[in-house]
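**Q** Below is one structure. I have some questions about it.
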Amino acid sequence: MKRIFVTALAFAASALGQDVVSARAGLIQHVEGDVDVDGAAVKMPSREKVFSQLPEVKKGSLLSTAEGRAEILLSPGITLRAGEESTIKMVESKLEDTKVELQKGIAIVEVLEVIKENLVTVYAGNATIEFRKAGTYKIHATGQPELIVYDGLAEMTVAGQVRTVKRGNAVSLENLALARKFDTEKGDALLRWSVRRSGFMAMANVSAASMSTTSMGSNAFYRHGMGNWMWNPYFGMFTYLPYSGRFCNSFIGSCYYSPATVYRAFYVPSYPSPSIGGGGAAGYGGGNTSYSYDQNRGYTVASGGRSYNGISSGASISGGAPAVAAPVADSGGGRSAGGDSGGRGGEGGGRSQ
């Protein structure tokens with residue numbers, strides 16, 4: 001039986017299975033290279049294994065990377081991706097009040113949606129960081145400790161002083177008065193890897209959302225009125241499903257759709273032909289309406305696997321990133337998070353570029 005995951009909620013999803021578990025923040029979605037938790041090497045299960053066998057960073061535990069990287073799911077819609085030579089402590093893993101400490105190294109935090117019931121706090125250096133808007137944030141805890149906002153809005157507190165940090169700004173974790181502007185078009189290897197990982201997660205969203213449309217109309221997912229992580233067994237990974245509409249990371253150029261919205265954005269209705277002759281007309285809007293994928297959206301489904309702008313779901317990360325499609329319009333008045341989109345480039349070396 002296939003299994004799905006909905007954080008802290010339970011609902012029956014006939015398209016994917018009926019077994020449900022709840023979890024805390026800290027699930028390790030993906031690793032590359034040398035990564036350990038409390039000194040024990042992280043071993044990821046094969047793609048055929050169910051999600052319940054994925055490792056996690058429990059409350060009080062330390063995740064460390066040597067020549068490795070790790071992707072950690074925090075509160076629904078918020079992902080932390082740790083770079084090489086980094087150490088992260090899970091201070092509190094409750095979904096409603098997740099606390100993470102970046103003790104050394106670099107991490108990128110991608111915020112798809114800010115859910116007011118779920119607070120995420122990151123400690124680094126002398127700073128306390130909270131995310132007020134969806135966006136892409138990089139935190140350097142060593143070297144030149146600072147918060148870099150590629151997109152979004154963060155609130156930093158240092159020594160009792162508070163400062164908001166907007167897109168295109170970097171602020172020291174030691175002294176809020178030390179700030180600088182930077183070019184959001186320039187990135188490094190870790191940012192490019194994070195963009196690729198985000199692209200795969202967005203690809204899995206379309207598949208998961210379309211499979212969930214028939215079973216989510218009156219369940220706990222909607223009664224609680226908030227988005228959730230969802231396990232996609234076909235892609236072997238978690239993705240994010242908004243409660244309604246769509247949420248777009250415009251810096252990266254990818255969107256996440258609710259089950260109801262995915263049909264308006266990706267499926268084209270095919271109406272029956274008008275009736276010819278007497279006796280009334282079936283007309284456009286009469287009879288049964290069927291739906292088919294609009295492949296002009298950049299997402300295709302074919303036998304043997306899925307693809308996103310030419311990159312299959314089973315592609316190696318080091319083999320290249322999906323060229324993430326620009327946010328598409330839908331007729332449902334969906335929401336877009338973030339500011340203007342931008343390309344990647346600039347400095348940076350290392351692995352998985």
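In the structure tokens, each chain is lettered A, B, ... as it comes, each chain's residues begin at 1, and ligands are numbered from 1 in order of appearance.
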Got a sec: who's within 6 Å of segment 76-93 of chain A, counting only C-alpha atoms, leaving out chain neighbours fewer than 3 positions off, as a JSON list (two decimals) with C-alpha atoms, in the first residue's frame?
**A**
```
[["chain", "number", "residue", "atom", "x", "y", "z"],
["A", 24, "ARG", "CA", 7.66, 17.01, 13.87],
["A", 25, "ALA", "CA", 10.06, 19.30, 12.07],
["A", 59, "LYS", "CA", 15.02, 17.72, 19.35],
["A", 60, "GLY", "CA", 18.46, 18.30, 20.85],
["A", 61, "SER", "CA", 20.30, 16.48, 18.05],
["A", 62, "LEU", "CA", 23.12, 17.83, 15.89],
["A", 63, "LEU", "CA", 23.33, 17.40, 12.14],
["A", 64, "SER", "CA", 26.82, 17.88, 10.70],
["A", 65, "THR", "CA", 28.07, 17.96, 7.14],
["A", 66, "ALA", "CA", 31.67, 17.39, 6.11],
["A", 67, "GLU", "CA", 31.95, 17.22, 2.34],
["A", 68, "GLY", "CA", 28.20, 16.94, 2.16],
["A", 69, "ARG", "CA", 24.87, 18.73, 1.99],
["A", 70, "ALA", "CA", 21.50, 18.06, 3.55],
["A", 71, "GLU", "CA", 17.89, 19.09, 2.93],
["A", 72, "ILE", "CA", 15.73, 19.28, 6.07],
["A", 73, "LEU", "CA", 11.98, 19.86, 6.20],
["A", 98, "THR", "CA", 10.24, 25.23, 15.41],
["A", 99, "LYS", "CA", 13.67, 26.44, 16.56],
["A", 100, "VAL", "CA", 16.93, 25.68, 14.74],
["A", 101, "GLU", "CA", 20.47, 26.82, 15.55],
["A", 102, "LEU", "CA", 23.07, 27.15, 12.80],
["A", 103, "GLN", "CA", 26.21, 26.69, 14.88],
["A", 104, "LYS", "CA", 28.66, 26.88, 11.98],
["A", 105, "GLY", "CA", 28.73, 26.88, 8.21],
["A", 106, "ILE", "CA", 26.11, 28.04, 5.73],
["A", 107, "ALA", "CA", 22.44, 27.27, 5.24],
["A", 108, "ILE", "CA", 19.78, 28.37, 2.77],
["A", 109, "VAL", "CA", 16.20, 28.63, 4.02],
["A", 110, "GLU", "CA", 13.44, 28.54, 1.42],
["A", 111, "VAL", "CA", 10.08, 29.82, 2.63],
["A", 112, "LEU", "CA", 7.17, 29.00, 0.33],
["A", 113, "GLU", "CA", 4.42, 30.19, 2.66],
["A", 228, "ASN", "CA", 1.02, 20.70, 4.43],
["A", 229, "TRP", "CA", 3.92, 18.55, 3.35],
["A", 240, "TYR", "CA", 4.29, 21.13, -0.42]]
```
**Q** May I ask which of the residues A:Met203, A:Ile252, A:Val171, A:Ala124 is the closest one to Met237 of chain A, counting only C-alpha atoms?
**A**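 Smallest separation from Met237 of chain A among the options: A:Met203.
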**Q** Nearest to Glu174 of chain A: which of A:Asn126, A:Phe131, A:Gln161, A:Leu190 is it, counting only C-alpha atoms?
**A** A:Asn126
**Q** Expressed in Å to a single decimal, how great is the separation between atom CA of Val206 of chain A and atom CA of Gly135 of chain A?
**A**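 Going from atom CA of Val206 of chain A over to atom CA of Gly135 of chain A covers 20.1 Å.
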**Q** For Pro259 of chain A, which of A:Ser198, A:Ser244, A:Gln53, A:Thr157 is the closest residue, counting only C-alpha atoms?
**A**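 Checking each candidate against Pro259 of chain A, we get A:Ser244 as the closest.
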**Q** For a quick check of understanding, using only C-alpha atoms, which of A:Ala179, A:Glu56, A:Gly26, A:Met226 has the smallest distance to Val114 of chain A?
**A**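 Answer, going by the shortest atom-to-atom distance: A:Met226.
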